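Raw contents of start02.cif, mmCIF, C-alpha atoms:
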```cif
data_query
#
loop_
_atom_site.group_PDB
_atom_site.id
_atom_site.type_symbol
_atom_site.label_atom_id
_atom_site.label_comp_id
_atom_site.auth_asym_id
_atom_site.auth_seq_id
_atom_site.Cartn_x
_atom_site.Cartn_y
_atom_site.Cartn_z
ATOM 1 C CA MET A 566 -6.954 -80.922 55.397
ATOM 2 C CA ILE A 567 -7.950 -84.623 55.444
ATOM 3 C CA THR A 568 -6.322 -85.117 52.027
ATOM 4 C CA TRP A 569 -3.192 -83.336 53.255
ATOM 5 C CA LEU A 570 -3.004 -85.563 56.350
ATOM 6 C CA ALA A 571 -3.744 -88.737 54.373
ATOM 7 C CA ASN A 572 -0.040 -88.989 53.569
ATOM 8 C CA PRO A 573 1.405 -91.460 56.160
ATOM 9 C CA GLU A 574 4.751 -89.659 56.531
ATOM 10 C CA ARG A 575 3.082 -86.281 56.979
ATOM 11 C CA PHE A 576 0.621 -87.803 59.440
ATOM 12 C CA THR A 577 3.459 -89.236 61.545
ATOM 13 C CA ARG A 578 5.372 -85.919 61.382
ATOM 14 C CA VAL A 579 2.329 -83.933 62.594
ATOM 15 C CA PHE A 580 0.975 -86.263 65.295
ATOM 16 C CA ALA A 581 4.085 -87.965 66.777
ATOM 17 C CA PRO A 582 5.154 -84.853 68.775
ATOM 18 C CA ILE A 583 1.665 -84.172 70.216
ATOM 19 C CA ARG A 584 0.839 -87.808 71.059
ATOM 20 C CA PRO A 585 2.483 -87.779 74.537
ATOM 21 C CA TYR A 586 0.529 -84.632 75.485
ATOM 22 C CA ILE A 587 -2.772 -86.299 74.539
ATOM 23 C CA GLY A 588 -1.785 -89.347 76.637
ATOM 24 C CA GLY A 589 -0.952 -87.030 79.560
ATOM 25 C CA LEU A 590 -4.259 -85.207 79.161
ATOM 26 C CA ALA A 591 -6.138 -88.535 79.221
ATOM 27 C CA ALA A 592 -4.332 -89.605 82.411
ATOM 28 C CA ALA A 593 -5.051 -86.249 84.116
ATOM 29 C CA LEU A 594 -8.720 -86.399 83.113
ATOM 30 C CA PHE A 595 -9.020 -89.950 84.486
ATOM 31 C CA VAL A 596 -7.533 -88.898 87.839
ATOM 32 C CA TRP A 597 -9.872 -85.883 88.062
ATOM 33 C CA GLY A 598 -12.870 -87.897 86.841
ATOM 34 C CA LEU A 599 -12.283 -90.770 89.291
ATOM 35 C CA TYR A 600 -12.044 -88.303 92.164
ATOM 36 C CA LEU A 601 -15.388 -86.767 91.101
ATOM 37 C CA CYS A 602 -16.940 -90.247 90.681
ATOM 38 C CA PHE A 603 -16.399 -91.082 94.335
ATOM 39 C CA ALA A 604 -16.856 -87.562 95.715
ATOM 40 C CA SER A 605 -20.310 -87.232 94.132
ATOM 41 C CA PRO A 606 -23.357 -88.105 96.272
ATOM 42 C CA GLU A 607 -25.144 -91.437 96.026
ATOM 43 C CA ASP A 608 -28.475 -91.498 94.242
ATOM 44 C CA TYR A 609 -31.576 -91.467 96.435
ATOM 45 C CA GLN A 610 -33.039 -94.453 94.548
ATOM 46 C CA GLN A 611 -30.029 -96.318 93.145
ATOM 47 C CA GLY A 612 -27.641 -95.737 96.053
ATOM 48 C CA ASP A 613 -23.956 -96.258 95.231
ATOM 49 C CA THR A 614 -24.689 -98.143 91.991
ATOM 50 C CA VAL A 615 -25.062 -94.719 90.346
ATOM 51 C CA ARG A 616 -21.226 -94.679 90.255
ATOM 52 C CA ILE A 617 -21.393 -97.420 87.622
ATOM 53 C CA MET A 618 -23.015 -94.837 85.320
ATOM 54 C CA TYR A 619 -19.754 -92.823 85.219
ATOM 55 C CA LEU A 620 -18.071 -95.735 83.406
ATOM 56 C CA HIS A 621 -21.010 -97.353 81.642
ATOM 57 C CA VAL A 622 -22.356 -94.271 79.836
ATOM 58 C CA PRO A 623 -18.961 -92.959 78.530
ATOM 59 C CA ALA A 624 -18.063 -96.510 77.386
ATOM 60 C CA ALA A 625 -21.396 -96.796 75.537
ATOM 61 C CA TRP A 626 -20.984 -93.336 73.935
ATOM 62 C CA MET A 627 -17.461 -94.260 72.813
ATOM 63 C CA ALA A 628 -18.627 -97.630 71.456
ATOM 64 C CA MET A 629 -20.914 -95.738 69.053
ATOM 65 C CA MET A 630 -18.548 -92.840 68.322
ATOM 66 C CA VAL A 631 -15.623 -95.113 67.463
ATOM 67 C CA TYR A 632 -17.811 -97.124 65.080
ATOM 68 C CA LEU A 633 -18.964 -93.896 63.401
ATOM 69 C CA ILE A 634 -15.307 -92.852 62.979
ATOM 70 C CA MET A 635 -14.532 -96.315 61.601
ATOM 71 C CA GLY A 636 -17.430 -95.974 59.152
ATOM 72 C CA ILE A 637 -16.287 -92.521 57.965
ATOM 73 C CA ALA A 638 -12.685 -93.730 57.549
ATOM 74 C CA SER A 639 -13.940 -96.787 55.642
ATOM 75 C CA PHE A 640 -16.016 -94.536 53.367
ATOM 76 C CA PHE A 641 -12.950 -92.422 52.537
ATOM 77 C CA GLY A 642 -10.910 -95.583 52.009
ATOM 78 C CA LEU A 643 -13.480 -97.152 49.712
ATOM 79 C CA ILE A 644 -14.423 -94.087 47.649
ATOM 80 C CA PHE A 645 -11.350 -91.841 47.654
ATOM 81 C CA ARG A 646 -8.704 -94.534 48.269
ATOM 82 C CA HIS A 647 -6.790 -92.463 50.803
ATOM 83 C CA ALA A 648 -3.636 -94.278 51.848
ATOM 84 C CA LEU A 649 -4.303 -93.821 55.530
ATOM 85 C CA ALA A 650 -8.062 -94.380 55.681
ATOM 86 C CA ASP A 651 -7.951 -98.170 55.996
ATOM 87 C CA ALA A 652 -5.156 -97.927 58.574
ATOM 88 C CA ALA A 653 -7.288 -95.487 60.596
ATOM 89 C CA ALA A 654 -10.370 -97.731 60.461
ATOM 90 C CA LYS A 655 -8.363 -100.871 61.272
ATOM 91 C CA ALA A 656 -6.619 -99.104 64.191
ATOM 92 C CA ALA A 657 -9.948 -97.959 65.670
ATOM 93 C CA ALA A 658 -11.650 -101.395 65.611
ATOM 94 C CA PRO A 659 -9.993 -103.069 68.642
ATOM 95 C CA ILE A 660 -10.428 -99.906 70.735
ATOM 96 C CA GLY A 661 -14.113 -99.743 69.820
ATOM 97 C CA ALA A 662 -14.531 -103.454 70.571
ATOM 98 C CA VAL A 663 -13.082 -102.981 74.073
ATOM 99 C CA PHE A 664 -15.328 -99.954 74.752
ATOM 100 C CA THR A 665 -18.369 -101.940 73.580
ATOM 101 C CA ALA A 666 -17.416 -104.938 75.734
ATOM 102 C CA LEU A 667 -17.047 -102.570 78.698
ATOM 103 C CA ALA A 668 -20.460 -101.035 78.011
ATOM 104 C CA LEU A 669 -21.985 -104.546 78.031
ATOM 105 C CA ILE A 670 -20.104 -105.751 81.138
ATOM 106 C CA THR A 671 -20.687 -102.596 83.218
ATOM 107 C CA GLY A 672 -24.312 -102.529 82.040
ATOM 108 C CA SER A 673 -24.764 -106.087 83.196
ATOM 109 C CA LEU A 674 -23.175 -105.290 86.584
ATOM 110 C CA TRP A 675 -25.554 -102.321 86.907
ATOM 111 C CA GLY A 676 -28.588 -104.271 85.705
ATOM 112 C CA LYS A 677 -28.379 -107.062 88.276
ATOM 113 C CA PRO A 678 -28.837 -104.906 91.427
ATOM 114 C CA MET A 679 -31.238 -102.419 89.749
ATOM 115 C CA TRP A 680 -33.377 -104.548 87.436
ATOM 116 C CA GLY A 681 -32.772 -107.921 89.078
ATOM 117 C CA THR A 682 -31.259 -109.421 85.909
ATOM 118 C CA TRP A 683 -27.795 -109.635 84.325
ATOM 119 C CA TRP A 684 -29.220 -109.558 80.819
ATOM 120 C CA GLU A 685 -32.464 -108.791 79.025
ATOM 121 C CA TRP A 686 -33.061 -109.077 75.274
ATOM 122 C CA ASP A 687 -34.400 -105.526 74.992
ATOM 123 C CA GLY A 688 -33.724 -103.229 72.008
ATOM 124 C CA ARG A 689 -30.817 -101.285 73.505
ATOM 125 C CA MET A 690 -28.863 -104.239 74.895
ATOM 126 C CA THR A 691 -29.421 -106.425 71.846
ATOM 127 C CA SER A 692 -28.391 -103.679 69.388
ATOM 128 C CA VAL A 693 -25.209 -102.974 71.418
ATOM 129 C CA LEU A 694 -24.429 -106.708 71.345
ATOM 130 C CA VAL A 695 -24.879 -106.579 67.552
ATOM 131 C CA LEU A 696 -22.444 -103.622 67.478
ATOM 132 C CA PHE A 697 -19.905 -105.732 69.384
ATOM 133 C CA LEU A 698 -20.351 -108.549 66.848
ATOM 134 C CA PHE A 699 -19.749 -106.063 64.005
ATOM 135 C CA TYR A 700 -16.462 -105.029 65.644
ATOM 136 C CA ILE A 701 -15.399 -108.663 66.086
ATOM 137 C CA GLY A 702 -16.470 -109.480 62.511
ATOM 138 C CA TYR A 703 -14.473 -106.505 61.176
ATOM 139 C CA ILE A 704 -11.326 -107.537 63.080
ATOM 140 C CA ALA A 705 -11.690 -111.204 62.057
ATOM 141 C CA LEU A 706 -12.311 -110.347 58.395
ATOM 142 C CA HIS A 707 -9.262 -108.057 58.242
ATOM 143 C CA ALA A 708 -7.110 -110.767 59.808
ATOM 144 C CA SER A 709 -8.362 -113.484 57.479
ATOM 145 C CA ILE A 710 -7.469 -111.792 54.162
ATOM 146 C CA ASP A 711 -3.773 -111.617 53.268
ATOM 147 C CA ASP A 712 -4.104 -109.195 50.355
ATOM 148 C CA GLU A 713 -4.209 -105.726 51.944
ATOM 149 C CA VAL A 714 -6.240 -104.085 49.175
ATOM 150 C CA ARG A 715 -8.894 -106.814 49.228
ATOM 151 C CA ALA A 716 -8.986 -106.787 53.032
ATOM 152 C CA ALA A 717 -9.451 -103.005 53.076
ATOM 153 C CA LYS A 718 -12.290 -103.182 50.537
ATOM 154 C CA SER A 719 -14.166 -106.055 52.211
ATOM 155 C CA THR A 720 -13.880 -104.631 55.716
ATOM 156 C CA ALA A 721 -14.895 -101.146 54.522
ATOM 157 C CA ILE A 722 -18.124 -102.601 53.099
ATOM 158 C CA LEU A 723 -18.767 -104.460 56.370
ATOM 159 C CA ALA A 724 -18.131 -101.279 58.392
ATOM 160 C CA LEU A 725 -20.525 -99.275 56.195
ATOM 161 C CA VAL A 726 -23.261 -101.921 56.545
ATOM 162 C CA GLY A 727 -22.811 -101.809 60.331
ATOM 163 C CA LEU A 728 -23.502 -98.058 60.378
ATOM 164 C CA VAL A 729 -27.211 -98.900 60.047
ATOM 165 C CA ASN A 730 -27.048 -100.212 63.615
ATOM 166 C CA LEU A 731 -26.062 -96.837 65.139
ATOM 167 C CA PRO A 732 -29.461 -95.091 64.842
ATOM 168 C CA ILE A 733 -31.092 -98.334 66.030
ATOM 169 C CA ILE A 734 -28.984 -98.172 69.235
ATOM 170 C CA LYS A 735 -29.695 -94.459 69.699
ATOM 171 C CA PHE A 736 -33.461 -94.604 69.183
ATOM 172 C CA SER A 737 -34.114 -98.119 70.539
ATOM 173 C CA VAL A 738 -35.282 -96.613 73.850
ATOM 174 C CA ASP A 739 -37.917 -94.574 71.967
ATOM 175 C CA TRP A 740 -38.999 -97.261 69.499
ATOM 176 C CA TRP A 741 -39.430 -100.258 71.818
ATOM 177 C CA ASN A 742 -40.346 -101.029 75.406
ATOM 178 C CA THR A 743 -37.093 -101.194 77.295
ATOM 179 C CA LEU A 744 -35.605 -101.366 80.765
ATOM 180 C CA HIS A 745 -33.303 -98.488 79.804
ATOM 181 C CA GLN A 746 -34.288 -94.931 80.663
ATOM 182 C CA GLY A 747 -34.761 -92.313 77.944
ATOM 183 C CA THR A 748 -32.195 -89.669 77.009
ATOM 184 C CA SER A 749 -31.206 -87.571 80.040
ATOM 185 C CA VAL A 750 -27.993 -85.773 79.051
ATOM 186 C CA VAL A 751 -28.077 -84.668 75.392
ATOM 187 C CA ARG A 752 -31.583 -83.153 75.198
ATOM 188 C CA MET A 753 -33.024 -80.118 73.430
ATOM 189 C CA ASP A 754 -34.281 -78.746 76.767
ATOM 190 C CA GLY A 755 -30.998 -79.407 78.602
ATOM 191 C CA PRO A 756 -29.834 -82.292 80.798
ATOM 192 C CA THR A 757 -32.268 -83.623 83.409
ATOM 193 C CA ILE A 758 -29.484 -85.102 85.527
ATOM 194 C CA ALA A 759 -28.337 -83.299 88.719
ATOM 195 C CA PRO A 760 -25.149 -81.193 88.285
ATOM 196 C CA ASP A 761 -23.402 -83.191 91.071
ATOM 197 C CA MET A 762 -23.737 -86.258 88.871
ATOM 198 C CA LEU A 763 -23.424 -84.522 85.498
ATOM 199 C CA TRP A 764 -19.886 -83.247 86.167
ATOM 200 C CA PRO A 765 -18.257 -86.627 86.918
ATOM 201 C CA LEU A 766 -20.071 -88.057 83.899
ATOM 202 C CA LEU A 767 -18.809 -85.314 81.563
ATOM 203 C CA VAL A 768 -15.229 -85.447 82.878
ATOM 204 C CA MET A 769 -15.151 -89.239 82.499
ATOM 205 C CA ALA A 770 -16.610 -88.886 78.988
ATOM 206 C CA LEU A 771 -13.771 -86.483 78.121
ATOM 207 C CA ALA A 772 -11.233 -88.880 79.692
ATOM 208 C CA PHE A 773 -12.535 -91.766 77.547
ATOM 209 C CA LYS A 774 -12.370 -89.537 74.442
ATOM 210 C CA ALA A 775 -8.788 -88.412 75.159
ATOM 211 C CA LEU A 776 -7.769 -92.036 75.816
ATOM 212 C CA PHE A 777 -9.324 -93.093 72.522
ATOM 213 C CA VAL A 778 -7.521 -90.346 70.546
ATOM 214 C CA TRP A 779 -4.176 -91.258 72.128
ATOM 215 C CA LEU A 780 -4.631 -95.023 71.588
ATOM 216 C CA TRP A 781 -5.877 -94.442 68.054
ATOM 217 C CA LEU A 782 -2.793 -92.384 67.149
ATOM 218 C CA VAL A 783 -0.506 -95.052 68.669
ATOM 219 C CA ARG A 784 -2.257 -97.817 66.710
ATOM 220 C CA ILE A 785 -2.295 -95.847 63.433
ATOM 221 C CA ASP A 786 1.440 -95.275 63.865
ATOM 222 C CA ALA A 787 1.928 -99.019 64.463
ATOM 223 C CA GLU A 788 -0.081 -99.726 61.303
ATOM 224 C CA ILE A 789 2.022 -97.272 59.248
ATOM 225 C CA ILE A 790 5.219 -98.914 60.542
ATOM 226 C CA THR A 791 3.847 -102.410 59.743
ATOM 227 C CA ARG A 792 2.956 -101.406 56.185
ATOM 228 C CA ARG A 793 6.359 -99.742 55.661
ATOM 229 C CA TYR A 794 8.026 -102.945 56.903
ATOM 230 C CA ARG A 795 5.967 -105.106 54.523
ATOM 231 C CA THR A 796 6.738 -102.827 51.566
ATOM 232 C CA LEU A 797 10.466 -102.851 52.303
ATOM 233 C CA ARG A 798 10.519 -106.625 52.730
ATOM 234 C CA ALA A 799 8.636 -107.123 49.468
ATOM 235 C CA ARG A 800 11.091 -104.793 47.701
ATOM 236 C CA LEU A 801 13.983 -106.742 49.185
ATOM 237 C CA SER A 802 12.593 -110.081 48.027
ATOM 238 C CA PHE A 803 12.342 -108.762 44.437
ATOM 239 C CA GLN A 804 16.013 -107.702 44.378
ATOM 240 C CA MET B 27 -15.136 -89.241 99.901
ATOM 241 C CA ASP B 28 -16.584 -92.548 101.135
ATOM 242 C CA LEU B 29 -15.267 -95.686 99.422
ATOM 243 C CA ASP B 30 -17.605 -98.066 101.232
ATOM 244 C CA MET B 31 -20.188 -99.071 98.634
ATOM 245 C CA GLY B 32 -22.229 -101.056 101.155
ATOM 246 C CA LYS B 33 -24.274 -103.936 99.718
ATOM 247 C CA TYR B 34 -23.398 -102.805 96.166
ATOM 248 C CA GLY B 35 -19.620 -103.186 96.661
ATOM 249 C CA PHE B 36 -19.336 -106.240 94.381
ATOM 250 C CA TYR B 37 -21.141 -104.508 91.500
ATOM 251 C CA VAL B 38 -19.450 -101.093 91.802
ATOM 252 C CA TRP B 39 -15.906 -102.371 92.399
ATOM 253 C CA GLY B 40 -16.455 -105.138 89.850
ATOM 254 C CA CYS B 41 -17.230 -102.437 87.303
ATOM 255 C CA TYR B 42 -14.211 -100.291 88.122
ATOM 256 C CA GLY B 43 -11.974 -103.381 88.284
ATOM 257 C CA ALA B 44 -13.146 -104.722 84.900
ATOM 258 C CA THR B 45 -12.674 -101.282 83.312
ATOM 259 C CA PHE B 46 -9.184 -100.916 84.791
ATOM 260 C CA VAL B 47 -8.106 -104.375 83.590
ATOM 261 C CA ALA B 48 -9.585 -103.938 80.084
ATOM 262 C CA LEU B 49 -8.164 -100.446 79.494
ATOM 263 C CA THR B 50 -4.741 -101.353 80.929
ATOM 264 C CA ALA B 51 -4.590 -104.449 78.694
ATOM 265 C CA LEU B 52 -5.594 -102.343 75.668
ATOM 266 C CA ILE B 53 -2.911 -99.721 76.421
ATOM 267 C CA ILE B 54 -0.180 -102.355 76.927
ATOM 268 C CA ALA B 55 -1.195 -104.291 73.786
ATOM 269 C CA SER B 56 -1.241 -101.096 71.669
ATOM 270 C CA LEU B 57 2.166 -99.839 72.881
ATOM 271 C CA ARG B 58 3.696 -103.312 72.587
ATOM 272 C CA ALA B 59 2.409 -103.816 69.027
ATOM 273 C CA ARG B 60 3.953 -100.498 67.962
ATOM 274 C CA SER B 61 7.241 -101.248 69.692
ATOM 275 C CA VAL B 62 7.531 -104.755 68.137
ATOM 276 C CA GLN B 63 6.835 -103.428 64.620
ATOM 277 C CA LYS B 64 9.297 -100.547 65.095
ATOM 278 C CA THR B 65 12.059 -102.950 66.178
ATOM 279 C CA LYS B 66 11.401 -105.146 63.120
ATOM 280 C CA LEU B 67 11.417 -102.143 60.764
ATOM 281 C CA ASP B 68 14.654 -100.732 62.263
ATOM 282 C CA ALA B 69 16.364 -104.119 61.920
ATOM 283 C CA LEU B 70 15.267 -104.428 58.278
ATOM 284 C CA GLN B 71 16.390 -100.878 57.483
ATOM 285 C CA ASP B 72 19.802 -101.599 59.036
ATOM 286 C CA ALA B 73 20.075 -104.785 56.960
ATOM 287 C CA LEU B 74 19.180 -102.849 53.808
ATOM 288 C CA LYS B 75 21.837 -100.244 54.580
ATOM 289 C CA ASP B 76 24.440 -103.006 54.905
ATOM 290 C CA VAL B 77 23.364 -104.455 51.557
ATOM 291 C CA ALA B 78 23.522 -101.037 49.888
ATOM 292 C CA LYS B 79 27.040 -100.301 51.192
ATOM 293 C CA PRO B 80 29.712 -100.703 48.487
ATOM 294 C CA ASP B 81 32.326 -103.375 49.156
ATOM 295 C CA ALA B 82 35.433 -102.028 50.857
#
```
What does this structure look like when you write it as structure tokens?
Amino acid sequence: MITWLANPERFTRVFAPIRPYIGGLAAALFVWGLYLCFASPEDYQQGDTVRIMYLHVPAAWMAMMVYLIMGIASFFGLIFRHALADAAAKAAAPIGAVFTALALITGSLWGKPMWGTWWEWDGRMTSVLVLFLFYIGYIALHASIDDEVRAAKSTAILALVGLVNLPIIKFSVDWWNTLHQGTSVVRMDGPTIAPDMLWPLLVMALAFKALFVWLWLVRIDAEIITRRYRTLRARLSFQ
Amino acid sequence: MDLDMGKYGFYVWGCYGATFVALTALIIASLRARSVQKTKLDALQDALKDVAKPDA
């Protein structure tokens, strides 16, 4: 299936018609999620700042998920040389960078009233900052190399190296003393969070995912068009 | 639904505001980049068609 879709023309033919529906789904989920965010009760300890969680946690989940997708696409690009793999990884990077920046900003805005500090060099926050730097490094490296093949290879290696950071982010709350709480949603014995707060969180997480898929497809399409333009122009200059 | 966030208004609305601005900017930048590239490709394809046309 992946090999079949790795053809840019086939990819465009399959995903262009469904792209608007995914965008519509993302918008609908955001409207529903935002309603739930403000209809849910305030936390007995954190008060209204609990509403920051409905943006902060989905943004942080997406920051990691997008990097994992980028790493998988880079692996396929590096090993199997699929035509679309580098385009997919390159298209995901700016989206992941924005999600990571949002996780850091919303975390900071949550940390000040709850912990009394905007920033703390604990394991979770530092490793997420490192993730953000990997995104920025990936984008900068891709932009700095003119030769597309060389750029794809170098950035794929960088993306694969950065994968090491994902388990560090995930388990940092278990490995080191941290201001962050432990896992409370994805647990073997079920979520420990109240259903009134779990629902807005899950709907917002779905909204972020749908938004990512839609944006990713738009950016991959833009990348395919850019590469087609470059190929045509190069062909024209040889004539 | 109560939109008064009390003493946490700055932090809560700051969060929602920053998210709105960042995601809106990302959406606009992504759609714009695609549209600009598509216009360039269409123009080049039209130019190539003109070149390929036999002289009348």
- Message: Can you tell me which residues surround stretch 68-75 of chain B at a distance of at most 9 Å, considering only C-alpha atoms, apart from same-chain residues fewer than 3 positions away, and format the answer as a list of chain:residue names?
- Response: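 The filter keeps A:Tyr794, A:Leu797, A:Arg798, A:Leu801, B:Gln63, B:Lys64, B:Thr65, B:Ala78, B:Lys79.
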Kindly save the residues from that selection, with C-alpha atoms included, as an mmCIF file, in the frame of the given file.
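Once written, selection21.cif looks like this:
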```cif
data_model
loop_
_atom_site.group_PDB
_atom_site.id
_atom_site.type_symbol
_atom_site.label_atom_id
_atom_site.label_comp_id
_atom_site.auth_asym_id
_atom_site.auth_seq_id
_atom_site.Cartn_x
_atom_site.Cartn_y
_atom_site.Cartn_z
ATOM 1 C CA TYR A 794 8.026 -102.945 56.903
ATOM 2 C CA LEU A 797 10.466 -102.851 52.303
ATOM 3 C CA ARG A 798 10.519 -106.625 52.730
ATOM 4 C CA LEU A 801 13.983 -106.742 49.185
ATOM 5 C CA GLN B 63 6.835 -103.428 64.620
ATOM 6 C CA LYS B 64 9.297 -100.547 65.095
ATOM 7 C CA THR B 65 12.059 -102.950 66.178
ATOM 8 C CA ALA B 78 23.522 -101.037 49.888
ATOM 9 C CA LYS B 79 27.040 -100.301 51.192
#
```
- Message: Starting from the PyMOL selection byres ((chain A and resi 619-633) around 7), expand the selection into actual residues of this file and give them as a ChimeraX atom specification.
- Response: /A:602,616-618,634-637,657,661,664-665,667-668,671-672,728,731,765-766,769-770,773
- Query: Near chain A, which residues of chain B fall within 9 Å when you count only C-alpha atoms, and what do they look like as a PyMOL selection string?
  - Reply: chain B and resi 27-42+44-45+48-49+52-53+56-57+59-64+66-68+70-71+74
- With the file shown as input, list the residues that the PyMOL selection byres ((chain A and resi 685-691) around 12) selects, as a PyMOL selection string. chain A and resi 625+665-666+668-673+676-677+680-684+692-698+730-747
- Task: Specify as a PyMOL selection string each residue included when the PyMOL selection byres ((chain A and resi 718-722) around 12) is applied to this file.
- Result: chain A and resi 632+634-646+650-655+658+699-717+723-728
If the box runs along x, y and z of the file and leaves 4 Å on each side of stretch 716-734 of chain A, what are its centre and edge lengths in Å, one decimal, as AutoDock Vina command-line options?
```
--center_x -20.0 --center_y -100.9 --center_z 59.9 --size_x 30.1 --size_y 19.7 --size_z 26.7
```
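Relative to atom CA of A:Tyr586, atom CA of A:Lys774 is found at 13.8 Å.
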- Item | Between atom CA of A:Phe595 and atom CA of A:Ala772 - distance in Å to one decimal |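 Here the two named atoms are 5.4 Å from each other.
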- Item | Interatomic distance (Å, one decimal) between atom CA of A:Tyr609 and atom CA of A:Pro760 |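 Result for atom CA of A:Tyr609 versus atom CA of A:Pro760: 14.6 Å, one decimal.
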Put stretch 724-743 of chain A into a file with N, CA and C atoms, as a PDB file, in the first residue's frame.
```pdb
ATOM      1  N   ALA A 724      16.855  13.383  11.183  1.00  0.00           N
ATOM      2  CA  ALA A 724      15.545  12.998  11.737  1.00  0.00           C
ATOM      3  C   ALA A 724      15.646  11.674  12.495  1.00  0.00           C
ATOM      4  N   LEU A 725      16.419  10.723  11.936  1.00  0.00           N
ATOM      5  CA  LEU A 725      16.559   9.420  12.599  1.00  0.00           C
ATOM      6  C   LEU A 725      17.319   9.546  13.921  1.00  0.00           C
ATOM      7  N   VAL A 726      18.339  10.399  13.947  1.00  0.00           N
ATOM      8  CA  VAL A 726      19.082  10.629  15.203  1.00  0.00           C
ATOM      9  C   VAL A 726      18.136  11.210  16.263  1.00  0.00           C
ATOM     10  N   GLY A 727      17.281  12.130  15.841  1.00  0.00           N
ATOM     11  CA  GLY A 727      16.355  12.794  16.761  1.00  0.00           C
ATOM     12  C   GLY A 727      15.320  11.861  17.367  1.00  0.00           C
ATOM     13  N   LEU A 728      15.095  10.705  16.728  1.00  0.00           N
ATOM     14  CA  LEU A 728      14.117   9.746  17.264  1.00  0.00           C
ATOM     15  C   LEU A 728      14.478   9.279  18.675  1.00  0.00           C
ATOM     16  N   VAL A 729      15.785   9.295  18.969  1.00  0.00           N
ATOM     17  CA  VAL A 729      16.262   8.872  20.299  1.00  0.00           C
ATOM     18  C   VAL A 729      15.604   9.719  21.402  1.00  0.00           C
ATOM     19  N   ASN A 730      15.275  10.957  21.043  1.00  0.00           N
ATOM     20  CA  ASN A 730      14.720  11.886  22.033  1.00  0.00           C
ATOM     21  C   ASN A 730      13.281  11.530  22.445  1.00  0.00           C
ATOM     22  N   LEU A 731      12.555  10.804  21.572  1.00  0.00           N
ATOM     23  CA  LEU A 731      11.137  10.537  21.870  1.00  0.00           C
ATOM     24  C   LEU A 731      10.932   9.699  23.147  1.00  0.00           C
ATOM     25  N   PRO A 732      11.624   8.557  23.309  1.00  0.00           N
ATOM     26  CA  PRO A 732      11.447   7.842  24.577  1.00  0.00           C
ATOM     27  C   PRO A 732      11.938   8.642  25.784  1.00  0.00           C
ATOM     28  N   ILE A 733      12.920   9.520  25.569  1.00  0.00           N
ATOM     29  CA  ILE A 733      13.401  10.358  26.684  1.00  0.00           C
ATOM     30  C   ILE A 733      12.263  11.280  27.145  1.00  0.00           C
ATOM     31  N   ILE A 734      11.538  11.882  26.163  1.00  0.00           N
ATOM     32  CA  ILE A 734      10.407  12.757  26.521  1.00  0.00           C
ATOM     33  C   ILE A 734       9.354  11.946  27.268  1.00  0.00           C
ATOM     34  N   LYS A 735       9.018  10.783  26.695  1.00  0.00           N
ATOM     35  CA  LYS A 735       7.928   9.962  27.256  1.00  0.00           C
ATOM     36  C   LYS A 735       8.235   9.515  28.700  1.00  0.00           C
ATOM     37  N   PHE A 736       9.447   9.027  28.908  1.00  0.00           N
ATOM     38  CA  PHE A 736       9.759   8.440  30.223  1.00  0.00           C
ATOM     39  C   PHE A 736      10.479   9.404  31.180  1.00  0.00           C
ATOM     40  N   SER A 737      10.683  10.647  30.741  1.00  0.00           N
ATOM     41  CA  SER A 737      11.418  11.603  31.587  1.00  0.00           C
ATOM     42  C   SER A 737      10.745  11.778  32.953  1.00  0.00           C
ATOM     43  N   VAL A 738       9.386  11.687  32.964  1.00  0.00           N
ATOM     44  CA  VAL A 738       8.688  11.877  34.244  1.00  0.00           C
ATOM     45  C   VAL A 738       8.901  10.695  35.190  1.00  0.00           C
ATOM     46  N   ASP A 739       9.290   9.529  34.626  1.00  0.00           N
ATOM     47  CA  ASP A 739       9.562   8.359  35.474  1.00  0.00           C
ATOM     48  C   ASP A 739      11.032   8.300  35.879  1.00  0.00           C
ATOM     49  N   TRP A 740      11.904   8.780  34.982  1.00  0.00           N
ATOM     50  CA  TRP A 740      13.349   8.636  35.213  1.00  0.00           C
ATOM     51  C   TRP A 740      13.914   9.683  36.163  1.00  0.00           C
ATOM     52  N   TRP A 741      13.370  10.920  36.084  1.00  0.00           N
ATOM     53  CA  TRP A 741      13.954  12.020  36.865  1.00  0.00           C
ATOM     54  C   TRP A 741      12.897  12.713  37.714  1.00  0.00           C
ATOM     55  N   ASN A 742      13.351  13.407  38.749  1.00  0.00           N
ATOM     56  CA  ASN A 742      12.444  14.252  39.519  1.00  0.00           C
ATOM     57  C   ASN A 742      11.953  15.365  38.612  1.00  0.00           C
ATOM     58  N   THR A 743      10.656  15.598  38.635  1.00  0.00           N
ATOM     59  CA  THR A 743      10.105  16.582  37.707  1.00  0.00           C
ATOM     60  C   THR A 743       8.891  17.271  38.313  1.00  0.00           C
TER      61      THR A 743
END
```
